[in-house]
>>> print(open('entry_19.txt').read())   # compact mmCIF, C-alpha atoms
# COMPACT_ATOMS: atom_id res chain seq x y z
CA MET A 1 -59.14 37.57 -118.70
CA ALA A 2 -60.62 37.70 -115.20
CA ASP A 3 -61.05 34.51 -113.21
CA ALA A 4 -64.40 32.67 -113.28
CA ALA A 5 -65.56 33.83 -109.82
CA SER A 6 -64.94 37.51 -110.53
CA ARG A 7 -66.76 37.26 -113.85
CA LEU A 8 -69.69 35.51 -112.17
CA VAL A 9 -69.99 38.15 -109.46
CA SER A 10 -69.79 40.94 -112.03
CA VAL A 11 -72.47 39.36 -114.20
CA ALA A 12 -74.75 38.65 -111.22
CA GLU A 13 -74.52 42.23 -109.93
CA GLN A 14 -75.23 43.65 -113.37
CA LEU A 15 -78.31 41.48 -113.73
CA LEU A 16 -79.53 42.06 -110.18
CA GLY A 17 -78.81 45.75 -110.15
CA ALA A 18 -77.51 45.31 -106.60
CA PRO A 19 -74.41 44.01 -104.79
CA LEU A 20 -74.22 40.23 -104.44
CA PRO A 21 -74.68 39.34 -100.73
CA VAL A 22 -72.69 36.10 -100.96
CA ARG A 23 -69.20 35.06 -101.91
CA VAL A 24 -68.65 32.82 -104.95
CA ARG A 25 -66.08 30.04 -105.38
CA ALA A 26 -65.90 28.75 -108.94
CA TRP A 27 -64.74 25.49 -110.50
CA ASP A 28 -61.29 26.97 -111.25
CA GLY A 29 -60.66 27.60 -107.53
CA SER A 30 -61.11 31.37 -107.78
CA GLN A 31 -63.18 33.32 -105.25
CA ALA A 32 -64.88 36.71 -105.34
CA GLY A 33 -67.50 38.61 -103.40
CA PRO A 34 -67.81 40.17 -99.94
CA PRO A 35 -65.17 38.83 -97.51
CA GLY A 36 -66.72 36.83 -94.69
CA ALA A 37 -70.03 36.35 -96.51
CA PRO A 38 -71.57 32.88 -97.01
CA VAL A 39 -69.89 31.00 -99.86
CA ILE A 40 -71.78 29.65 -102.88
CA VAL A 41 -69.77 26.94 -104.61
CA VAL A 42 -70.27 26.71 -108.39
CA ARG A 43 -68.75 23.31 -109.10
CA ASN A 44 -68.96 23.39 -112.88
CA ARG A 45 -70.22 25.28 -115.91
CA ARG A 46 -73.28 23.03 -116.01
CA ALA A 47 -74.65 24.89 -112.99
CA LEU A 48 -74.59 28.10 -115.01
CA ARG A 49 -76.27 26.45 -117.98
CA ARG A 50 -79.09 25.34 -115.71
CA MET A 51 -79.58 28.88 -114.42
CA LEU A 52 -79.22 30.40 -117.89
CA PHE A 53 -81.95 28.24 -119.40
CA LYS A 54 -84.22 28.44 -116.33
CA PRO A 55 -83.49 31.82 -114.74
CA GLY A 56 -84.62 32.22 -111.16
CA GLU A 57 -85.49 29.75 -108.47
CA LEU A 58 -86.07 26.64 -110.61
CA GLY A 59 -82.71 26.88 -112.37
CA MET A 60 -80.88 27.25 -109.08
CA ALA A 61 -82.90 24.39 -107.61
CA ARG A 62 -81.91 22.11 -110.48
CA ALA A 63 -78.25 22.99 -109.97
CA TRP A 64 -78.58 22.34 -106.22
CA VAL A 65 -80.34 18.99 -106.57
CA ALA A 66 -77.81 17.77 -109.13
CA GLY A 67 -74.89 18.82 -106.93
CA ASP A 68 -73.61 21.36 -109.45
CA LEU A 69 -74.21 24.14 -106.92
CA ASP A 70 -73.44 23.94 -103.21
CA ILE A 71 -73.16 26.01 -100.07
CA GLU A 72 -70.12 26.12 -97.82
CA GLY A 73 -70.81 26.58 -94.14
CA ASP A 74 -74.15 27.14 -92.43
CA LEU A 75 -77.08 26.54 -94.80
CA TYR A 76 -79.46 28.88 -92.94
CA THR A 77 -76.99 31.79 -93.08
CA ALA A 78 -76.51 31.38 -96.81
CA LEU A 79 -80.23 31.03 -97.54
CA GLY A 80 -80.96 34.04 -95.36
CA ALA A 81 -78.45 36.13 -97.32
CA MET A 82 -79.96 35.02 -100.62
CA ALA A 83 -83.62 35.26 -99.58
CA GLY A 84 -84.01 38.79 -100.86
CA LEU A 85 -82.89 37.67 -104.29
CA LEU A 86 -84.97 34.52 -104.54
CA TRP A 87 -88.06 34.61 -102.35
CA GLU A 88 -88.71 37.97 -100.71
CA HIS A 89 -90.37 40.73 -102.70
CA ASP A 90 -91.75 43.99 -101.41
CA ASP A 91 -94.10 46.48 -103.07
CA GLU A 92 -91.21 48.59 -104.34
CA GLY A 93 -89.55 45.62 -106.04
CA ARG A 94 -85.99 44.46 -105.60
CA GLY A 95 -83.22 44.11 -108.09
CA ARG A 96 -83.68 44.59 -111.80
CA SER A 97 -86.69 43.69 -113.94
CA LEU A 98 -86.30 41.86 -117.26
CA ALA A 99 -87.30 45.02 -119.12
CA ASP A 100 -84.54 46.98 -117.36
CA THR A 101 -82.04 44.29 -118.29
CA VAL A 102 -83.02 44.40 -121.96
CA ARG A 103 -82.68 48.22 -122.07
CA ASP A 104 -79.34 48.40 -120.23
CA PRO A 105 -76.32 47.92 -122.54
CA ALA A 106 -74.11 46.94 -119.59
CA ALA A 107 -76.59 44.26 -118.50
CA ARG A 108 -76.84 42.90 -122.05
CA ALA A 109 -73.07 42.75 -122.17
CA ALA A 110 -73.09 40.83 -118.87
CA VAL A 111 -75.47 38.26 -120.33
CA ARG A 112 -73.20 37.84 -123.36
CA ASP A 113 -70.23 37.36 -121.05
CA LEU A 114 -72.16 34.71 -119.10
CA ILE A 115 -72.96 32.86 -122.33
CA ARG A 116 -69.29 32.90 -123.29
CA LEU A 117 -68.36 31.63 -119.84
CA VAL A 118 -70.73 28.67 -119.81
CA GLY A 119 -69.54 27.28 -123.12
CA PRO A 120 -71.82 25.51 -125.64
CA PRO A 121 -75.33 26.64 -124.70
CA LEU A 122 -76.99 23.26 -124.47
CA PRO A 123 -79.62 22.94 -121.69
CA PRO A 124 -78.80 20.07 -119.30
CA ALA A 125 -81.62 17.61 -118.62
CA PRO A 126 -83.44 18.29 -115.34
CA PRO A 127 -82.52 16.02 -112.40
CA ARG A 128 -84.57 12.84 -112.36
CA GLU A 129 -86.15 13.91 -109.06
CA GLU A 130 -88.06 16.67 -110.85
CA VAL A 131 -91.75 16.21 -111.59
CA ARG A 132 -92.97 17.73 -114.83
CA ARG A 133 -95.13 20.69 -113.89
CA ARG A 134 -98.70 20.67 -115.08
CA ARG A 135 -102.03 22.30 -114.43
CA HIS A 136 -103.33 21.42 -110.96
CA LEU A 137 -106.28 19.17 -111.70
CA HIS A 138 -106.67 17.54 -108.27
CA THR A 139 -108.45 14.49 -109.61
CA ARG A 140 -108.30 11.29 -107.61
CA ARG A 141 -105.64 9.95 -109.98
CA THR A 142 -103.41 13.04 -109.96
CA ASP A 143 -103.74 13.47 -106.20
CA LYS A 144 -102.69 9.87 -105.62
CA ARG A 145 -99.69 10.30 -107.91
CA ALA A 146 -98.66 13.51 -106.15
CA ILE A 147 -98.98 11.93 -102.71
CA SER A 148 -96.96 8.93 -103.83
CA HIS A 149 -94.16 11.20 -105.10
CA HIS A 150 -93.85 12.91 -101.76
CA TYR A 151 -94.62 10.22 -99.21
CA ASP A 152 -93.41 6.99 -100.81
CA VAL A 153 -89.75 7.99 -100.51
CA GLY A 154 -89.35 5.19 -97.98
CA ASN A 155 -90.41 4.75 -94.39
CA ASP A 156 -86.82 4.36 -93.21
CA PHE A 157 -85.91 7.75 -94.67
CA TYR A 158 -88.88 9.41 -92.97
CA ALA A 159 -87.99 7.71 -89.69
CA LEU A 160 -84.50 9.20 -89.92
CA VAL A 161 -85.86 12.72 -90.53
CA LEU A 162 -88.96 12.72 -88.32
CA GLY A 163 -87.66 10.65 -85.44
CA PRO A 164 -89.60 7.99 -83.47
CA SER A 165 -92.88 9.93 -83.47
CA MET A 166 -93.25 9.61 -87.27
CA VAL A 167 -95.33 12.79 -87.23
CA TYR A 168 -94.90 14.87 -90.36
CA SER A 169 -96.47 18.13 -89.25
CA CYS A 170 -95.75 21.00 -86.90
CA ALA A 171 -94.87 19.99 -83.32
CA TYR A 172 -96.05 21.91 -80.25
CA TRP A 173 -92.99 23.05 -78.30
CA GLU A 174 -92.54 24.05 -74.69
CA ASP A 175 -89.20 25.28 -73.37
CA ASP A 176 -86.46 22.71 -73.96
CA CYS A 177 -88.52 19.60 -74.61
CA SER A 178 -87.51 17.00 -77.18
CA LEU A 179 -88.98 16.69 -80.67
CA GLU A 180 -90.70 13.49 -79.59
CA THR A 181 -92.35 15.21 -76.61
CA ALA A 182 -93.37 18.20 -78.73
CA GLN A 183 -95.03 15.94 -81.28
CA ARG A 184 -96.87 14.01 -78.57
CA ASP A 185 -98.06 17.32 -77.11
CA LYS A 186 -99.33 18.39 -80.56
CA LEU A 187 -101.35 15.18 -80.93
CA GLU A 188 -102.78 15.67 -77.44
CA LEU A 189 -103.61 19.30 -78.25
CA VAL A 190 -105.66 18.12 -81.24
CA CYS A 191 -107.45 15.52 -79.12
CA GLN A 192 -108.28 18.09 -76.46
CA LYS A 193 -109.65 20.55 -79.00
CA LEU A 194 -111.79 17.81 -80.50
CA GLY A 195 -113.04 16.88 -77.03
CA LEU A 196 -112.54 13.15 -77.67
CA LYS A 197 -114.28 10.73 -75.31
CA PRO A 198 -114.30 6.92 -75.02
CA GLY A 199 -116.60 5.27 -77.53
CA GLN A 200 -116.61 8.13 -80.04
CA ARG A 201 -115.63 7.74 -83.70
CA LEU A 202 -112.77 9.79 -85.17
CA LEU A 203 -111.91 10.13 -88.85
CA ASP A 204 -108.26 11.06 -89.40
CA VAL A 205 -107.94 12.46 -92.92
CA GLY A 206 -104.43 12.06 -94.30
CA CYS A 207 -103.43 9.80 -91.42
CA GLY A 208 -99.79 9.48 -92.40
CA TRP A 209 -97.97 6.78 -90.46
CA GLY A 210 -100.79 6.43 -87.96
CA SER A 211 -99.49 8.60 -85.12
CA MET A 212 -102.71 10.52 -84.51
CA ALA A 213 -104.88 7.41 -84.87
CA VAL A 214 -102.79 5.44 -82.38
CA HIS A 215 -102.60 8.31 -79.88
CA ALA A 216 -106.33 9.02 -79.98
CA ALA A 217 -107.30 5.36 -79.61
CA ARG A 218 -104.77 4.59 -76.88
CA GLU A 219 -105.10 7.76 -74.80
CA HIS A 220 -108.78 8.64 -75.34
CA GLY A 221 -110.49 5.33 -76.04
CA VAL A 222 -112.00 6.34 -79.39
CA SER A 223 -112.47 4.24 -82.51
CA VAL A 224 -110.48 5.64 -85.42
CA VAL A 225 -110.59 5.35 -89.19
CA GLY A 226 -107.42 6.72 -90.79
CA VAL A 227 -107.26 7.30 -94.55
CA THR A 228 -104.18 7.88 -96.71
CA LEU A 229 -103.33 7.61 -100.39
CA SER A 230 -99.84 6.26 -99.67
CA GLN A 231 -99.38 2.50 -99.71
CA GLU A 232 -96.11 2.77 -97.75
CA GLN A 233 -97.69 4.90 -95.05
CA ALA A 234 -100.63 2.52 -94.72
CA ALA A 235 -98.39 -0.54 -94.37
CA PHE A 236 -96.34 1.17 -91.66
CA ALA A 237 -99.42 2.44 -89.83
CA ARG A 238 -101.14 -0.96 -89.84
CA LYS A 239 -98.10 -2.65 -88.33
CA ARG A 240 -97.91 0.09 -85.72
CA VAL A 241 -101.58 -0.38 -84.84
CA ALA A 242 -101.04 -4.13 -84.50
CA ASP A 243 -97.94 -3.68 -82.34
CA GLU A 244 -99.96 -1.41 -80.02
CA GLY A 245 -102.76 -3.99 -79.78
CA LEU A 246 -105.29 -1.55 -81.20
CA THR A 247 -106.61 -3.43 -84.23
CA ASP A 248 -110.08 -3.56 -82.65
CA ARG A 249 -110.21 0.25 -82.47
CA VAL A 250 -108.11 1.53 -85.40
CA GLU A 251 -108.65 0.89 -89.10
CA ILE A 252 -106.15 2.22 -91.65
CA ARG A 253 -107.40 2.50 -95.22
CA VAL A 254 -105.78 3.40 -98.52
CA GLN A 255 -108.67 5.60 -99.53
CA ASP A 256 -109.42 9.07 -100.84
CA TYR A 257 -111.34 11.12 -98.28
CA ARG A 258 -113.89 11.82 -101.01
CA ASP A 259 -114.76 8.12 -101.02
CA VAL A 260 -115.45 7.78 -97.28
CA ARG A 261 -119.10 6.79 -96.93
CA ASP A 262 -119.45 5.36 -93.42
CA GLY A 263 -120.21 8.51 -91.47
CA PRO A 264 -121.33 10.10 -89.35
CA TYR A 265 -118.28 10.64 -87.15
CA ASP A 266 -118.08 12.45 -83.83
CA ALA A 267 -114.88 14.23 -84.83
CA ILE A 268 -112.51 14.69 -87.78
CA SER A 269 -108.83 15.56 -87.67
CA SER A 270 -107.12 16.84 -90.82
CA ILE A 271 -103.49 17.53 -89.98
CA GLY A 272 -101.21 18.78 -92.74
CA MET A 273 -103.43 17.35 -95.47
CA ALA A 274 -105.54 20.26 -96.73
CA GLU A 275 -102.53 21.82 -98.51
CA HIS A 276 -102.97 19.09 -101.14
CA VAL A 277 -106.65 19.84 -101.83
CA GLY A 278 -106.27 22.83 -104.15
CA ALA A 279 -108.14 26.13 -104.27
CA GLU A 280 -110.71 25.02 -106.83
CA ARG A 281 -111.78 22.00 -104.77
CA TYR A 282 -111.45 23.38 -101.25
CA LEU A 283 -115.13 24.14 -100.80
CA ASP A 284 -115.94 20.57 -101.88
CA TYR A 285 -113.39 19.32 -99.32
CA ALA A 286 -115.06 21.35 -96.56
CA ARG A 287 -118.52 20.19 -97.57
CA ASP A 288 -117.41 16.55 -97.67
CA LEU A 289 -116.06 16.75 -94.11
CA TYR A 290 -119.14 18.63 -92.92
CA GLY A 291 -121.31 15.87 -94.32
CA LEU A 292 -119.31 13.18 -92.51
CA LEU A 293 -119.85 14.75 -89.07
CA LYS A 294 -122.71 14.30 -86.65
CA PRO A 295 -124.55 17.45 -85.59
CA GLY A 296 -122.35 18.90 -82.88
CA GLY A 297 -119.29 17.12 -84.30
CA ARG A 298 -115.96 18.93 -84.45
CA LEU A 299 -113.31 19.37 -87.15
CA LEU A 300 -109.70 20.26 -86.38
CA ASN A 301 -108.08 21.54 -89.58
CA HIS A 302 -104.30 21.99 -89.21
CA GLN A 303 -102.99 23.73 -92.34
CA ILE A 304 -100.09 25.81 -93.66
CA ALA A 305 -101.12 29.26 -94.90
CA ARG A 306 -99.48 31.88 -97.07
CA ARG A 307 -99.75 35.63 -96.80
CA PRO A 308 -102.60 37.17 -98.86
CA GLN A 309 -101.71 39.09 -102.00
CA GLN A 310 -103.15 42.38 -103.22
CA ASP A 311 -104.12 40.54 -106.41
CA GLU A 312 -104.98 36.96 -105.53
CA THR A 313 -105.27 36.03 -109.21
CA ALA A 314 -101.52 36.59 -109.51
CA TYR A 315 -100.69 33.82 -107.01
CA GLU A 316 -98.37 31.17 -108.42
CA VAL A 317 -97.27 27.95 -106.78
CA ASP A 318 -93.61 27.98 -105.79
CA ALA A 319 -91.65 26.43 -108.68
CA PHE A 320 -89.21 24.45 -106.53
CA ILE A 321 -91.89 23.08 -104.21
CA ASP A 322 -94.17 22.15 -107.11
CA SER A 323 -91.42 20.46 -109.11
CA TYR A 324 -89.54 18.64 -106.37
CA VAL A 325 -91.49 18.49 -103.10
CA PHE A 326 -95.30 18.73 -103.22
CA PRO A 327 -96.55 18.37 -106.79
CA ASP A 328 -99.96 20.04 -107.05
CA GLY A 329 -99.74 21.48 -103.54
CA GLU A 330 -101.33 24.91 -103.04
CA LEU A 331 -101.33 27.29 -100.10
CA ALA A 332 -104.22 29.61 -99.25
CA PRO A 333 -104.44 32.58 -96.88
CA LEU A 334 -105.98 31.82 -93.50
CA GLY A 335 -108.95 34.05 -94.23
CA THR A 336 -109.77 32.06 -97.36
CA THR A 337 -109.70 28.79 -95.41
CA VAL A 338 -112.01 30.13 -92.70
CA THR A 339 -114.40 31.52 -95.31
CA MET A 340 -114.59 28.19 -97.14
CA LEU A 341 -115.28 26.29 -93.91
CA GLU A 342 -118.06 28.73 -93.04
CA ARG A 343 -119.55 28.48 -96.53
CA ALA A 344 -119.66 24.72 -96.10
CA GLY A 345 -121.80 25.19 -92.97
CA PHE A 346 -119.22 25.06 -90.19
CA GLU A 347 -119.12 27.43 -87.26
CA VAL A 348 -115.46 28.38 -86.77
CA ARG A 349 -114.83 28.55 -83.02
CA ASP A 350 -111.09 28.89 -82.61
CA VAL A 351 -107.99 29.70 -84.65
CA GLU A 352 -104.50 29.21 -83.23
CA SER A 353 -101.29 30.10 -85.03
CA LEU A 354 -98.34 27.74 -84.52
CA ARG A 355 -95.98 29.55 -86.90
CA GLU A 356 -92.94 29.69 -84.61
CA HIS A 357 -93.52 26.07 -83.62
CA TYR A 358 -93.18 24.92 -87.22
CA ALA A 359 -89.91 26.80 -87.69
CA ARG A 360 -88.46 24.99 -84.69
CA THR A 361 -89.84 21.66 -85.92
CA LEU A 362 -88.21 22.08 -89.31
CA ARG A 363 -84.86 22.94 -87.77
CA ALA A 364 -85.09 19.74 -85.73
CA TRP A 365 -85.80 17.71 -88.87
CA VAL A 366 -82.88 19.32 -90.71
CA ALA A 367 -80.62 18.48 -87.76
CA ASN A 368 -81.77 14.84 -87.95
CA LEU A 369 -81.08 14.75 -91.68
CA GLU A 370 -77.66 16.40 -91.48
CA GLY A 371 -76.72 14.28 -88.46
CA ASP A 372 -77.01 11.06 -90.49
CA TRP A 373 -76.37 12.38 -93.99
CA ALA A 374 -74.58 9.33 -95.37
CA ARG A 375 -77.47 7.04 -94.44
CA ALA A 376 -80.01 9.56 -95.73
CA THR A 377 -78.42 9.58 -99.17
CA ARG A 378 -78.31 5.78 -99.21
CA LEU A 379 -81.99 5.56 -98.34
CA ALA A 380 -83.42 8.31 -100.57
CA GLY A 381 -80.69 8.92 -103.10
CA PHE A 382 -78.28 11.86 -103.38
CA GLY A 383 -80.67 14.18 -105.22
CA ARG A 384 -83.74 13.47 -103.12
CA ALA A 385 -81.83 13.98 -99.87
CA ARG A 386 -80.62 17.35 -101.17
CA VAL A 387 -84.18 18.29 -102.08
CA TRP A 388 -85.29 17.66 -98.52
CA ARG A 389 -82.40 19.53 -96.95
CA LEU A 390 -83.03 22.64 -99.04
CA TYR A 391 -86.81 22.48 -98.74
CA MET A 392 -86.88 22.11 -94.96
CA ALA A 393 -84.19 24.72 -94.26
CA ALA A 394 -85.80 27.28 -96.59
CA SER A 395 -89.21 26.55 -95.07
CA ALA A 396 -87.87 27.09 -91.56
CA LEU A 397 -86.68 30.55 -92.57
CA ALA A 398 -90.00 31.30 -94.27
CA PHE A 399 -91.90 30.49 -91.06
CA GLU A 400 -89.47 32.51 -88.96
CA ARG A 401 -89.87 35.54 -91.23
CA ASN A 402 -93.69 35.35 -91.32
CA GLN A 403 -93.77 34.61 -95.04
CA ILE A 404 -95.89 31.55 -94.34
CA GLY A 405 -97.76 30.37 -91.26
CA VAL A 406 -99.57 27.34 -89.91
CA ASN A 407 -102.91 27.39 -88.11
CA GLN A 408 -105.21 25.06 -86.26
CA VAL A 409 -108.83 25.92 -87.05
CA LEU A 410 -111.44 24.34 -84.79
CA ALA A 411 -114.87 24.22 -86.42
CA VAL A 412 -118.18 22.70 -85.35
CA ARG A 413 -121.16 21.35 -87.23
CA THR A 414 -123.38 23.35 -84.92
CA PRO A 415 -126.97 22.02 -84.85
CA GLU A 416 -130.05 24.19 -85.38
CA THR A 417 -130.42 24.61 -81.62
CA GLY A 418 -127.21 26.65 -81.66
CA THR A 419 -125.57 24.52 -78.97
CA SER A 420 -121.93 24.17 -79.99
CA GLY A 421 -120.96 21.85 -77.15
CA LEU A 422 -117.80 23.85 -76.42
CA PRO A 423 -116.98 25.30 -72.99
CA ALA A 424 -117.36 29.03 -72.52
CA ARG A 425 -113.58 29.34 -72.17
CA THR A 426 -111.60 27.11 -74.50
CA ARG A 427 -108.12 28.37 -73.69
CA THR A 428 -105.99 29.58 -70.81
CA TRP A 429 -103.55 32.32 -71.77
CA ASN A 430 -100.23 32.75 -69.98
CA THR A 431 -99.66 36.39 -69.08
>>> encode(input="entry_19.txt", output="structure tokens")
Amino acid sequence: MADAASRLVSVAEQLLGAPLPVRVRAWDGSQAGPPGAPVIVVRNRRALRRMLFKPGELGMARAWVAGDLDIEGDLYTALGAMAGLLWEHDDEGRGRSLADTVRDPAARAAVRDLIRLVGPPLPPAPPREEVRRRRHLHTRRTDKRAISHHYDVGNDFYALVLGPSMVYSCAYWEDDCSLETAQRDKLELVCQKLGLKPGQRLLDVGCGWGSMAVHAAREHGVSVVGVTLSQEQAAFARKRVADEGLTDRVEIRVQDYRDVRDGPYDAISSIGMAEHVGAERYLDYARDLYGLLKPGGRLLNHQIARRPQQDETAYEVDAFIDSYVFPDGELAPLGTTVTMLERAGFEVRDVESLREHYARTLRAWVANLEGDWARATRLAGFGRARVWRLYMAASALAFERNQIGVNQVLAVRTPETGTSGLPARTRTWNT
């Protein structure tokens, strides 16, 4: 009988209808696949059971998180080689459909061989880091639970990954600057777009660990209210505000943005928060923020976007992201976001894509994580640290390949006079 690796490669190629772009090393020490290709390490038969009972991305994610499946060598190279199998789909389709597999005797034989190889076909329990998937309700209760899952991993873990800035959103890079400098420049970019002036009031929706609130108050003399649903973030942000001597100008609340009632504000920043709102409630989100602004007030909405689909009703949330990273998170095309803001009453004045900047930011975070891996696993746990490594590396590739993007949308609650308050030229392009 052939060794385990050769059998696995044969089965995979039958099911995919295409050559396997990676090399496989199995639990018996055998190897098969293209020489010099990235190596996928299948540590035990349990990894195969996970993929057999949950074919596709979620099964592989479970095996990865549990440590049953690993990658030898550069993670980006391996994910790039596998992207066509897992994440990238073109109009012509790739690989073999389920119907083709059922009709093909050789493919059916491959499935039977895989079942024999994995042993007793009992489905392993999902890793404890997995959140049970459910319909995206986006109630106050479910949103708070989802935010807690993602952000209450521990402030020390986030400090390791994000660095001293504690900014968990796309940085704004220039040449060979540091991550810390790039994050400071992003915060300043937001402040400049909002036109912040001393004495104004800023609402920071989804304030995280307080970086934007502190920067705006310290550098621009504004009064800031920051709201978050994470208790751990709020505790960290409040201490940070106190250490900066800004308690008279910055208030951090554990509060849903839907419950903010002390407007109007001169400006609102929403940085990396709107992805949690959900498609069904996005118009309500836009209307809520519009209602909290003074006439002439500005909104800076910084949000990840996906590519539009020919049939938008067919959109499904990524199984791995929904189960392990951002429960209930949803991405919308940029055009949908702009339309919703306009329907709420905003005048959209500027849209800037920072797609390449986010890819570089994610690679910096992965480097931080890998550079102190032992401490990361102590702080977050083995499985959770592996979730973050896979999620950030795969996301970096997705941004680089234009599968997802990130945009800053500047919108104004333009008064009836039509005076937006913006300069005639808002940007200077380098040519």
>>> closest_residue(input="entry_19.txt", among="A:Met273, A:Leu292, A:Glu232, A:Val205", to="A:Phe157", atoms="only C-alpha atoms")
A:Glu232
>>> closest_residue(input="entry_19.txt", among="A:Pro327, A:Gly208, A:Gly80, A:Gly195", to="A:Leu397", atoms="all atoms listed in the file")
A:Gly80
>>> atom_distance(input="entry_19.txt", atom1="atom CA of A:Asn407", atom2="atom CA of A:Gly272")
9.9 Å
>>> closest_residue(input="entry_19.txt", among="A:Ala26, A:Ile268, A:Val65, A:Leu202", to="A:Arg249", atoms="all atoms listed in the file")
A:Leu202
>>> atom_distance(input="entry_19.txt", atom1="atom CA of A:Val41", atom2="atom CA of A:Leu160")
27.3 Å
>>> residues_around(input="entry_19.txt", residues="A:Leu75", least_positions_apart="3", cutoff="12 Å", atoms="only C-alpha atoms", output="PyMOL selection string")
chain A and resi 38-40+70-72+78-83+363+366-367+370+386+389-394+396-397
>>> residues_around(input="entry_19.txt", residues="A:Arg360", least_positions_apart="3", cutoff="12 Å", atoms="all atoms listed in the file", output="PyMOL selection string")
chain A and resi 169-179+182-183+354-357+363-367+392-393+395-400
>>> atom_distance(input="entry_19.txt", atom1="atom CA of A:Leu300", atom2="atom CA of A:Asn155")
26.0 Å
>>> residues_near_point(input="entry_19.txt", point="(-81.8, 31.4, -110.2)", cutoff="12 Å", atoms="only C-alpha atoms", output="ChimeraX atom specification")
/A:12,15-16,47-64,69,82-83,85-87,319-320
>>> residues_around(input="entry_19.txt", residues="A:Asp350", least_positions_apart="4", cutoff="12 Å", atoms="all atoms listed in the file", output="PyMOL selection string")
chain A and resi 193-194+298-302+338+346+407-412+422-427
>>> closest_residue(input="entry_19.txt", among="A:Arg306, A:His276, A:Arg132, A:Arg46", to="A:Gly119", atoms="only C-alpha atoms")
A:Arg46
>>> residues_around(input="entry_19.txt", residues="A:Leu162", least_positions_apart="5", cutoff="8 Å", atoms="all atoms listed in the file", output="VMD selection string")
chain A and resid 167 to 168 365 368
>>> residues_around(input="entry_19.txt", residues="stretch 281-287 of chain A", least_positions_apart="2", cutoff="7 Å", atoms="all atoms listed in the file", output="CSV table (one decimal) with C-alpha atoms, in the frame of the given file")
chain,number,residue,atom,x,y,z
A,277,VAL,CA,-106.6,19.8,-101.8
A,278,GLY,CA,-106.3,22.8,-104.2
A,279,ALA,CA,-108.1,26.1,-104.3
A,289,LEU,CA,-116.1,16.8,-94.1
A,290,TYR,CA,-119.1,18.6,-92.9
A,291,GLY,CA,-121.3,15.9,-94.3
A,340,MET,CA,-114.6,28.2,-97.1
A,341,LEU,CA,-115.3,26.3,-93.9
A,344,ALA,CA,-119.7,24.7,-96.1
>>> closest_residue(input="entry_19.txt", among="A:Arg201, A:Arg25, A:Arg128, A:Arg116", to="A:Ser223", atoms="only C-alpha atoms")
A:Arg201
>>> decode(input="entry_19.txt", residues="stretch 69-80 of chain A", atoms="N, CA and C atoms", output="mmCIF file, in the first residue's frame")
data_model
loop_
_atom_site.group_PDB
_atom_site.id
_atom_site.type_symbol
_atom_site.label_atom_id
_atom_site.label_comp_id
_atom_site.auth_asym_id
_atom_site.auth_seq_id
_atom_site.Cartn_x
_atom_site.Cartn_y
_atom_site.Cartn_z
ATOM 1 N N LEU A 69 -2.853 20.466 11.662
ATOM 2 C CA LEU A 69 -2.348 20.822 10.339
ATOM 3 C C LEU A 69 -1.398 21.995 10.502
ATOM 4 N N ASP A 70 -0.265 21.950 9.804
ATOM 5 C CA ASP A 70 0.703 23.034 9.944
ATOM 6 C C ASP A 70 1.350 23.330 8.607
ATOM 7 N N ILE A 71 2.133 24.378 8.582
ATOM 8 C CA ILE A 71 2.854 24.787 7.381
ATOM 9 C C ILE A 71 4.325 24.889 7.725
ATOM 10 N N GLU A 72 5.150 24.323 6.880
ATOM 11 C CA GLU A 72 6.604 24.368 7.068
ATOM 12 C C GLU A 72 7.170 25.452 6.154
ATOM 13 N N GLY A 73 7.933 26.362 6.741
ATOM 14 C CA GLY A 73 8.508 27.436 5.943
ATOM 15 C C GLY A 73 7.663 28.689 5.987
ATOM 16 N N ASP A 74 7.771 29.505 4.942
ATOM 17 C CA ASP A 74 7.122 30.809 4.907
ATOM 18 C C ASP A 74 5.604 30.671 4.781
ATOM 19 N N LEU A 75 4.875 31.253 5.722
ATOM 20 C CA LEU A 75 3.420 31.143 5.744
ATOM 21 C C LEU A 75 2.793 31.805 4.523
ATOM 22 N N TYR A 76 3.293 32.972 4.118
ATOM 23 C CA TYR A 76 2.717 33.694 2.983
ATOM 24 C C TYR A 76 2.862 32.894 1.681
ATOM 25 N N THR A 77 4.019 32.252 1.500
ATOM 26 C CA THR A 77 4.243 31.467 0.283
ATOM 27 C C THR A 77 3.253 30.315 0.207
ATOM 28 N N ALA A 78 3.061 29.643 1.330
ATOM 29 C CA ALA A 78 2.142 28.509 1.356
ATOM 30 C C ALA A 78 0.704 28.959 1.121
ATOM 31 N N LEU A 79 0.291 30.024 1.801
ATOM 32 C CA LEU A 79 -1.075 30.515 1.613
ATOM 33 C C LEU A 79 -1.288 31.009 0.190
ATOM 34 N N GLY A 80 -0.278 31.648 -0.383
ATOM 35 C CA GLY A 80 -0.387 32.098 -1.760
ATOM 36 C C GLY A 80 -0.564 30.944 -2.720
#
